[in-house]
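Chemist: One structure is given below, represented as structure tokens, and several questions about it will come after.
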Amino acid sequence: MKLEIDNVELNYSGKKILSGIYLKAEKGQITGLLGSNGCGKSSLLKIIFGSLKPKNKLIKINNNPFLKRLYTSKKIKYLPQHPLFPKDLKIRQAFLLFEAEWEMFISAFPEFKKHSEVRFGKLSGGERRLTEIFLVMNSYSEIILLDEPFTHLSPLYIEIITDLLQKEKHQKTIILTDHLYRHVLDLADNLYLIKDRHSHLIKGPTDLEKYNYIAANSF
């Protein structure tokens, strides 16, 4: 599956946030999205998902315009920065809702076996985030949007999730953004930077230096 979003225009309180944004993501590749805080990364993911209405946008799936909001279909799942599930929802209930495989989860994370009836509000920030990432990634949706997925995760969990993402990308179209930009650089097959309201295709770390996103000689 190929997802394209083009000509995105977003204004907020009379201020232009995004202008002429273009991004392409395809199955078999992880598409990374970078940019400074407040540049509009999260807004762009919400626009793709359909929960934020911009002034203008064009979304195409496999070269065909998609005129409905994507979340109205089963094509897409979105992991926002804020908690995905209510505090009183039990973990096993979330697995049923997302039609995800509990046995696969506890095989990768056996320490969660005892948590099947635990409510999300009782988990630590890292445990909650890990569970949410796994559920979004292992749903039957073909497009996955991940906003700051590594927040609260330990280095070990980041390593495991990174491996899972590399495997899952062959089945799904994945777009992710994170302030831990080195993890994004390591994962991304394609990379975009939002700078001065526009999107820029990044070919390597030197491009990030050129746009003053990272300091010179950071790599």
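Residue numbering restarts at 1 for every chain of the structure tokens, chains are lettered A, B, ... in their displayed order, and ligands are numbered from 1 as they appear.
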Check which residues of segment 19-70 of chain A sit at most 12 Å from segment 207-210 of chain A using only C-alpha atoms, and return one row each with the closest pair of atoms and their distance in Å to one decimal, ordered by chain and rising number, as CSV.
Modeler:
```
residue,atom,partner,partner_atom,distance
A:Leu33,CA,A:Leu208,CA,11.9
A:Leu34,CA,A:Leu208,CA,9.4
A:Gly35,CA,A:Leu208,CA,9.7
A:Ser36,CA,A:Leu208,CA,11.5
```
Chemist: Generate a file of the selected residues that holds all heavy atoms, formatted as a compact mmCIF listing (two decimals), in the first residue's frame.
Modeler:
```txt
# COMPACT_ATOMS: atom_id res chain seq x y z
N LEU A 33 9.50 11.10 10.46
CA LEU A 33 9.12 12.52 10.39
C LEU A 33 9.79 13.24 11.55
O LEU A 33 9.57 12.89 12.71
CB LEU A 33 7.60 12.65 10.48
CG LEU A 33 6.99 14.04 10.39
CD1 LEU A 33 7.29 14.67 9.04
CD2 LEU A 33 5.48 13.98 10.62
N LEU A 34 10.62 14.23 11.23
CA LEU A 34 11.34 14.99 12.23
C LEU A 34 10.97 16.46 12.16
O LEU A 34 10.43 16.93 11.16
CB LEU A 34 12.86 14.83 12.05
CG LEU A 34 13.44 13.44 12.28
CD1 LEU A 34 14.94 13.44 11.95
CD2 LEU A 34 13.22 12.98 13.72
N GLY A 35 11.31 17.18 13.20
CA GLY A 35 11.05 18.62 13.24
C GLY A 35 11.12 19.09 14.68
O GLY A 35 10.97 18.30 15.62
N SER A 36 11.35 20.37 14.88
CA SER A 36 11.44 20.92 16.22
C SER A 36 10.07 20.90 16.90
O SER A 36 9.03 20.75 16.24
CB SER A 36 11.99 22.35 16.17
OG SER A 36 11.13 23.17 15.38
```
Chemist: Per residue of segment 105-158 of chain A within 7 Å of segment 174-185 of chain A, record the nearest atom pair and its distance in Å to one decimal, counting only C-alpha atoms, with rows in chain order and ascending residue number, as a tab-separated table.
Modeler:
```
residue	atom	partner	partner_atom	distance
A:Ile143	CA	A:Ile174	CA	5.9
A:Ile144	CA	A:Ile174	CA	4.8
A:Leu145	CA	A:Ile175	CA	5.0
A:Leu146	CA	A:Leu176	CA	4.5
A:Asp147	CA	A:Thr177	CA	5.3
A:Glu148	CA	A:Asp178	CA	4.3
A:Pro149	CA	A:Asp178	CA	6.7
```
Chemist: Go ahead and write the selection's residues with all heavy atoms as a PDB file, in the first residue's frame.
Modeler:
```
ATOM      1  N   ILE A 143      -2.152   0.809   7.730  1.00  0.00           N
ATOM      2  CA  ILE A 143      -1.374   2.038   7.920  1.00  0.00           C
ATOM      3  C   ILE A 143      -1.254   2.295   9.413  1.00  0.00           C
ATOM      4  O   ILE A 143      -2.244   2.277  10.150  1.00  0.00           O
ATOM      5  CB  ILE A 143      -2.060   3.242   7.244  1.00  0.00           C
ATOM      6  CG1 ILE A 143      -2.255   2.987   5.757  1.00  0.00           C
ATOM      7  CG2 ILE A 143      -1.236   4.517   7.463  1.00  0.00           C
ATOM      8  CD1 ILE A 143      -3.175   3.994   5.083  1.00  0.00           C
ATOM      9  N   ILE A 144      -0.028   2.550   9.871  1.00  0.00           N
ATOM     10  CA  ILE A 144       0.247   2.773  11.285  1.00  0.00           C
ATOM     11  C   ILE A 144       0.923   4.130  11.460  1.00  0.00           C
ATOM     12  O   ILE A 144       1.948   4.411  10.820  1.00  0.00           O
ATOM     13  CB  ILE A 144       1.169   1.673  11.850  1.00  0.00           C
ATOM     14  CG1 ILE A 144       0.546   0.285  11.658  1.00  0.00           C
ATOM     15  CG2 ILE A 144       1.487   1.937  13.325  1.00  0.00           C
ATOM     16  CD1 ILE A 144      -0.753   0.086  12.369  1.00  0.00           C
ATOM     17  N   LEU A 145       0.358   4.962  12.338  1.00  0.00           N
ATOM     18  CA  LEU A 145       0.942   6.263  12.674  1.00  0.00           C
ATOM     19  C   LEU A 145       1.386   6.223  14.134  1.00  0.00           C
ATOM     20  O   LEU A 145       0.574   5.933  15.021  1.00  0.00           O
ATOM     21  CB  LEU A 145      -0.081   7.384  12.485  1.00  0.00           C
ATOM     22  CG  LEU A 145      -0.816   7.457  11.141  1.00  0.00           C
ATOM     23  CD1 LEU A 145      -1.816   8.615  11.167  1.00  0.00           C
ATOM     24  CD2 LEU A 145       0.169   7.622   9.990  1.00  0.00           C
ATOM     25  N   LEU A 146       2.656   6.523  14.388  1.00  0.00           N
ATOM     26  CA  LEU A 146       3.205   6.464  15.744  1.00  0.00           C
ATOM     27  C   LEU A 146       3.783   7.823  16.117  1.00  0.00           C
ATOM     28  O   LEU A 146       4.771   8.268  15.535  1.00  0.00           O
ATOM     29  CB  LEU A 146       4.298   5.393  15.830  1.00  0.00           C
ATOM     30  CG  LEU A 146       3.904   3.962  15.447  1.00  0.00           C
ATOM     31  CD1 LEU A 146       5.126   3.062  15.436  1.00  0.00           C
ATOM     32  CD2 LEU A 146       2.848   3.420  16.403  1.00  0.00           C
ATOM     33  N   ASP A 147       3.170   8.471  17.102  1.00  0.00           N
ATOM     34  CA  ASP A 147       3.608   9.795  17.558  1.00  0.00           C
ATOM     35  C   ASP A 147       4.335   9.647  18.887  1.00  0.00           C
ATOM     36  O   ASP A 147       3.721   9.320  19.903  1.00  0.00           O
ATOM     37  CB  ASP A 147       2.392  10.719  17.698  1.00  0.00           C
ATOM     38  CG  ASP A 147       2.791  12.181  17.833  1.00  0.00           C
ATOM     39  OD1 ASP A 147       4.002  12.464  17.932  1.00  0.00           O
ATOM     40  OD2 ASP A 147       1.894  13.044  17.839  1.00  0.00           O
ATOM     41  N   GLU A 148       5.632   9.879  18.878  1.00  0.00           N
ATOM     42  CA  GLU A 148       6.481   9.750  20.064  1.00  0.00           C
ATOM     43  C   GLU A 148       6.341   8.356  20.705  1.00  0.00           C
ATOM     44  O   GLU A 148       6.079   8.230  21.910  1.00  0.00           O
ATOM     45  CB  GLU A 148       6.130  10.826  21.097  1.00  0.00           C
ATOM     46  CG  GLU A 148       6.245  12.254  20.581  1.00  0.00           C
ATOM     47  CD  GLU A 148       7.686  12.751  20.527  1.00  0.00           C
ATOM     48  OE1 GLU A 148       8.587  12.057  21.043  1.00  0.00           O
ATOM     49  OE2 GLU A 148       7.914  13.838  19.962  1.00  0.00           O
ATOM     50  N   PRO A 149       6.553   7.291  19.947  1.00  0.00           N
ATOM     51  CA  PRO A 149       6.330   5.952  20.508  1.00  0.00           C
ATOM     52  C   PRO A 149       7.312   5.558  21.607  1.00  0.00           C
ATOM     53  O   PRO A 149       6.998   4.717  22.447  1.00  0.00           O
ATOM     54  CB  PRO A 149       6.483   5.035  19.287  1.00  0.00           C
ATOM     55  CG  PRO A 149       7.368   5.798  18.353  1.00  0.00           C
ATOM     56  CD  PRO A 149       6.966   7.233  18.543  1.00  0.00           C
TER      57      PRO A 149
END
```
Chemist: Nearest to Ser19 of chain A among A:Met137, A:Leu70, A:Ile194, A:Leu84, with distances taken over only C-alpha atoms: which residue is it?
Modeler: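 Using only C-alpha atoms, the shortest distance to Ser19 of chain A belongs to A:Ile194.
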Chemist: What's the 10 Å shell around Ile161 of chain A, counting only C-alpha atoms, without same-chain residues fewer than 4 positions away, as a list in words?
Modeler: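 Result of the neighbour search: Ala108, Leu130, Ile133, Phe134, Met137, Pro149, Phe150, Leu153, Pro155, Leu156, Tyr157, Leu165, Gln166 and Lys167 of chain A.
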Chemist: Write the residues of the selection above to a file with C-alpha atoms, as a PDB file, in the first residue's frame.
Modeler:
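So the final result, stored in part-v9.pdb, reads:
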```pdb
ATOM      1  CA  ALA A 108       7.821 -11.076  23.456  1.00  0.00           C
ATOM      2  CA  LEU A 130       4.756  -0.516  25.412  1.00  0.00           C
ATOM      3  CA  ILE A 133       2.569   0.384  20.731  1.00  0.00           C
ATOM      4  CA  PHE A 134       2.229  -3.379  20.449  1.00  0.00           C
ATOM      5  CA  MET A 137       1.401  -2.309  15.471  1.00  0.00           C
ATOM      6  CA  PRO A 149       6.330   5.952  20.508  1.00  0.00           C
ATOM      7  CA  PHE A 150       9.539   5.703  22.563  1.00  0.00           C
ATOM      8  CA  LEU A 153      10.376   3.270  27.301  1.00  0.00           C
ATOM      9  CA  PRO A 155      16.491   1.122  26.382  1.00  0.00           C
ATOM     10  CA  LEU A 156      15.696  -2.614  26.398  1.00  0.00           C
ATOM     11  CA  TYR A 157      12.075  -2.025  25.404  1.00  0.00           C
ATOM     12  CA  LEU A 165       8.920  -2.468  13.736  1.00  0.00           C
ATOM     13  CA  GLN A 166      11.508  -3.760  11.293  1.00  0.00           C
ATOM     14  CA  LYS A 167       9.548  -7.005  10.954  1.00  0.00           C
TER      15      LYS A 167
END
```
Chemist: Rounded to one decimal place, report the atom CA of Asp189 of chain A-atom CA of Ile59 of chain A distance in Å.
Modeler: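 Separation between atom CA of Asp189 of chain A and atom CA of Ile59 of chain A: 21.0 Å.
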Chemist: Please indicate the distance in Å from atom CA of Asp196 of chain A to atom CA of Ile61 of chain A, rounded to one decimal place.
Modeler: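 Distance reported for this atom pair: 26.9 Å.
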Chemist: Run DSSP on the backbone and give me the residues of chain A it puts in alpha helix (DSSP H), as a ChimeraX atom specification.
Modeler: /A:41-49,91-98,102-108,125-137,155-168,181-187,205-210
Chemist: Got a sec: who's within 10 Å of Phe112 of chain A, counting only C-alpha atoms, leaving out chain neighbours fewer than 3 positions off, as a ChimeraX atom specification?
Modeler: /A:91,102,105-109,115-116,118,127,131
Chemist: Can you write out the residues you just picked, keeping N, CA, C and O atoms, as a PDB file, in the first residue's frame?
Modeler:
```pdb
ATOM      1  N   ILE A  91      -6.288  -4.732  30.221  1.00  0.00           N
ATOM      2  CA  ILE A  91      -5.389  -4.980  29.093  1.00  0.00           C
ATOM      3  C   ILE A  91      -5.989  -6.001  28.128  1.00  0.00           C
ATOM      4  O   ILE A  91      -5.982  -5.801  26.909  1.00  0.00           O
ATOM      5  N   TRP A 102      -2.738 -11.907  22.107  1.00  0.00           N
ATOM      6  CA  TRP A 102      -2.200 -11.854  23.462  1.00  0.00           C
ATOM      7  C   TRP A 102      -0.999 -12.785  23.613  1.00  0.00           C
ATOM      8  O   TRP A 102       0.012 -12.422  24.235  1.00  0.00           O
ATOM      9  N   PHE A 105       2.104 -11.294  22.359  1.00  0.00           N
ATOM     10  CA  PHE A 105       2.580 -10.228  23.240  1.00  0.00           C
ATOM     11  C   PHE A 105       3.357 -10.794  24.419  1.00  0.00           C
ATOM     12  O   PHE A 105       4.467 -10.351  24.719  1.00  0.00           O
ATOM     13  N   ILE A 106       2.796 -11.776  25.101  1.00  0.00           N
ATOM     14  CA  ILE A 106       3.484 -12.304  26.283  1.00  0.00           C
ATOM     15  C   ILE A 106       4.679 -13.175  25.896  1.00  0.00           C
ATOM     16  O   ILE A 106       5.560 -13.430  26.721  1.00  0.00           O
ATOM     17  N   SER A 107       4.706 -13.615  24.640  1.00  0.00           N
ATOM     18  CA  SER A 107       5.910 -14.299  24.166  1.00  0.00           C
ATOM     19  C   SER A 107       7.071 -13.323  24.049  1.00  0.00           C
ATOM     20  O   SER A 107       8.204 -13.654  24.396  1.00  0.00           O
ATOM     21  N   ALA A 108       6.781 -12.110  23.564  1.00  0.00           N
ATOM     22  CA  ALA A 108       7.821 -11.076  23.456  1.00  0.00           C
ATOM     23  C   ALA A 108       8.113 -10.433  24.804  1.00  0.00           C
ATOM     24  O   ALA A 108       9.254 -10.054  25.079  1.00  0.00           O
ATOM     25  N   PHE A 109       7.059 -10.326  25.652  1.00  0.00           N
ATOM     26  CA  PHE A 109       7.200  -9.656  26.955  1.00  0.00           C
ATOM     27  C   PHE A 109       6.569 -10.536  28.037  1.00  0.00           C
ATOM     28  O   PHE A 109       5.469 -10.258  28.522  1.00  0.00           O
ATOM     29  N   HIS A 115      -0.388  -9.618  33.972  1.00  0.00           N
ATOM     30  CA  HIS A 115      -1.116  -8.352  33.893  1.00  0.00           C
ATOM     31  C   HIS A 115      -2.395  -8.424  33.055  1.00  0.00           C
ATOM     32  O   HIS A 115      -2.998  -7.396  32.776  1.00  0.00           O
ATOM     33  N   SER A 116      -2.822  -9.603  32.668  1.00  0.00           N
ATOM     34  CA  SER A 116      -3.927  -9.683  31.704  1.00  0.00           C
ATOM     35  C   SER A 116      -5.197  -9.005  32.207  1.00  0.00           C
ATOM     36  O   SER A 116      -5.943  -8.414  31.424  1.00  0.00           O
ATOM     37  N   VAL A 118      -5.194  -6.620  34.571  1.00  0.00           N
ATOM     38  CA  VAL A 118      -4.832  -5.324  35.156  1.00  0.00           C
ATOM     39  C   VAL A 118      -5.396  -4.201  34.285  1.00  0.00           C
ATOM     40  O   VAL A 118      -5.439  -4.306  33.058  1.00  0.00           O
ATOM     41  N   GLU A 127       5.201   0.743  30.857  1.00  0.00           N
ATOM     42  CA  GLU A 127       4.409  -0.460  30.586  1.00  0.00           C
ATOM     43  C   GLU A 127       3.194  -0.117  29.727  1.00  0.00           C
ATOM     44  O   GLU A 127       2.852  -0.861  28.803  1.00  0.00           O
ATOM     45  N   THR A 131       2.548  -1.454  25.811  1.00  0.00           N
ATOM     46  CA  THR A 131       1.346  -2.194  25.462  1.00  0.00           C
ATOM     47  C   THR A 131       0.597  -1.519  24.323  1.00  0.00           C
ATOM     48  O   THR A 131       0.132  -2.175  23.379  1.00  0.00           O
TER      49      THR A 131
END
```
Chemist: Considering only C-alpha atoms, return as a list in words whatever protein or nucleic-acid residues lie within 6 Å of Phe120 of chain A, sequence-local ones (same chain, fewer than 2 positions apart) excluded.
Modeler: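 Listed by chain and then number, they are Lys87, Leu89, Lys122 and Leu123 of chain A.
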Chemist: How would the residues just chosen look if you wrote them out with N, CA, C and O atoms as a PDB file, in the first residue's frame?
Modeler:
```pdb
ATOM      1  N   LYS A  87      -8.206   4.696  31.651  1.00  0.00           N
ATOM      2  CA  LYS A  87      -7.501   4.081  32.772  1.00  0.00           C
ATOM      3  C   LYS A  87      -8.180   2.822  33.292  1.00  0.00           C
ATOM      4  O   LYS A  87      -7.517   1.912  33.803  1.00  0.00           O
ATOM      5  N   LEU A  89      -9.819   0.540  31.615  1.00  0.00           N
ATOM      6  CA  LEU A  89      -9.903  -0.576  30.668  1.00  0.00           C
ATOM      7  C   LEU A  89      -8.849  -1.630  31.005  1.00  0.00           C
ATOM      8  O   LEU A  89      -7.687  -1.314  31.234  1.00  0.00           O
ATOM      9  N   LYS A 122      -3.248   1.192  36.203  1.00  0.00           N
ATOM     10  CA  LYS A 122      -2.357   0.599  37.202  1.00  0.00           C
ATOM     11  C   LYS A 122      -0.957   0.336  36.652  1.00  0.00           C
ATOM     12  O   LYS A 122      -0.056  -0.042  37.404  1.00  0.00           O
ATOM     13  N   LEU A 123      -0.759   0.520  35.352  1.00  0.00           N
ATOM     14  CA  LEU A 123       0.552   0.297  34.740  1.00  0.00           C
ATOM     15  C   LEU A 123       1.438   1.521  34.898  1.00  0.00           C
ATOM     16  O   LEU A 123       0.960   2.642  35.041  1.00  0.00           O
TER      17      LEU A 123
END
```
Chemist: Which residues, written as a PDB file with C-alpha atoms, in the first residue's frame, have at least one atom at most 12 Å from Lys74 of chain A, with only C-alpha atoms counted and residues fewer than 2 positions away on the same chain left out?
Modeler:
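Wrote it out as out-v1.pdb, contents follow:
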```
ATOM      1  CA  PHE A  49      -5.694  10.057  10.517  1.00  0.00           C
ATOM      2  CA  ARG A  69     -11.505  10.576   6.861  1.00  0.00           C
ATOM      3  CA  LEU A  70      -9.125   7.633   7.116  1.00  0.00           C
ATOM      4  CA  TYR A  71     -10.165   6.714  10.654  1.00  0.00           C
ATOM      5  CA  THR A  72     -13.649   5.870   9.311  1.00  0.00           C
ATOM      6  CA  ILE A  76      -5.394   2.921   9.815  1.00  0.00           C
ATOM      7  CA  LYS A  77      -4.395   2.937  13.491  1.00  0.00           C
ATOM      8  CA  TYR A  78      -2.908   5.926  15.298  1.00  0.00           C
ATOM      9  CA  PHE A  98      -7.825  -4.412  18.518  1.00  0.00           C
ATOM     10  CA  GLU A  99      -8.046  -8.107  17.549  1.00  0.00           C
ATOM     11  CA  SER A 139      -3.741  -4.651  14.639  1.00  0.00           C
ATOM     12  CA  TYR A 140      -5.069  -5.642  11.228  1.00  0.00           C
ATOM     13  CA  SER A 141      -4.784  -2.077   9.939  1.00  0.00           C
ATOM     14  CA  GLU A 142      -2.575  -1.463   6.941  1.00  0.00           C
ATOM     15  CA  ILE A 143      -1.374   2.038   7.920  1.00  0.00           C
ATOM     16  CA  ILE A 144       0.247   2.773  11.285  1.00  0.00           C
TER      17      ILE A 144
END
```
Chemist: May I have the residues within 8 Å of Asp6 of chain A as an mmCIF file with N, CA and C atoms, in the first residue's frame, using only C-alpha atoms and disregarding those fewer than 5 positions away in the same chain?
Modeler:
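What ended up in selection01.cif:
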```
data_model
loop_
_atom_site.group_PDB
_atom_site.id
_atom_site.type_symbol
_atom_site.label_atom_id
_atom_site.label_comp_id
_atom_site.auth_asym_id
_atom_site.auth_seq_id
_atom_site.Cartn_x
_atom_site.Cartn_y
_atom_site.Cartn_z
ATOM 1 N N GLY A 20 1.779 23.629 2.117
ATOM 2 C CA GLY A 20 2.246 22.850 0.972
ATOM 3 C C GLY A 20 2.949 21.566 1.341
ATOM 4 N N ILE A 21 2.563 20.964 2.455
ATOM 5 C CA ILE A 21 3.229 19.747 2.939
ATOM 6 C C ILE A 21 2.967 18.570 1.994
ATOM 7 N N TYR A 22 4.030 17.814 1.711
ATOM 8 C CA TYR A 22 3.920 16.561 0.954
ATOM 9 C C TYR A 22 4.663 15.475 1.715
ATOM 10 N N LEU A 23 4.069 14.282 1.755
ATOM 11 C CA LEU A 23 4.725 13.129 2.379
ATOM 12 C C LEU A 23 4.232 11.869 1.692
ATOM 13 N N LYS A 57 -6.067 19.720 1.917
ATOM 14 C CA LYS A 57 -5.234 18.522 1.876
ATOM 15 C C LYS A 57 -5.707 17.640 0.726
ATOM 16 N N LEU A 58 -4.833 16.752 0.270
ATOM 17 C CA LEU A 58 -5.182 15.698 -0.673
ATOM 18 C C LEU A 58 -4.521 14.420 -0.198
ATOM 19 N N ILE A 59 -5.326 13.403 0.076
ATOM 20 C CA ILE A 59 -4.804 12.098 0.471
ATOM 21 C C ILE A 59 -5.077 11.108 -0.650
#
```
Chemist: Distance atom CA of Ile5 of chain A-atom CA of His170 of chain A, one decimal place?
Modeler: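 Atom CA of Ile5 of chain A sits 20.8 Å away from atom CA of His170 of chain A.
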Chemist: From the set A:Asn7, A:Tyr192, A:Gly50, A:Ala94, which residue has the shortest atom-to-atom contact distance to Leu67 of chain A, counting only C-alpha atoms?
Modeler: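 Comparing A:Asn7, A:Tyr192, A:Gly50, A:Ala94 against Leu67 of chain A, the winner is A:Gly50.
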Chemist: From the options A:Glu101, A:Pro83, A:Ser154, A:Asn11, which residue's atoms come nearest to Leu52 of chain A, counting only C-alpha atoms?
Modeler: A:Asn11
Chemist: Mind checking DSSP for segment 48-178 of chain A and telling me the strand (DSSP E) residues as a list in words?
Modeler: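 Taking segment 48-178 of chain A and keeping strand (DSSP E) gives Asn56, Lys57, Leu58, Ile59, Lys60, Ile61, Asn64, Pro65, Ile76, Lys77, Tyr78, Leu79, Ile143, Ile144, Leu145, Leu146, Asp147, Thr173, Ile174, Ile175, Leu176 and Thr177 of chain A.
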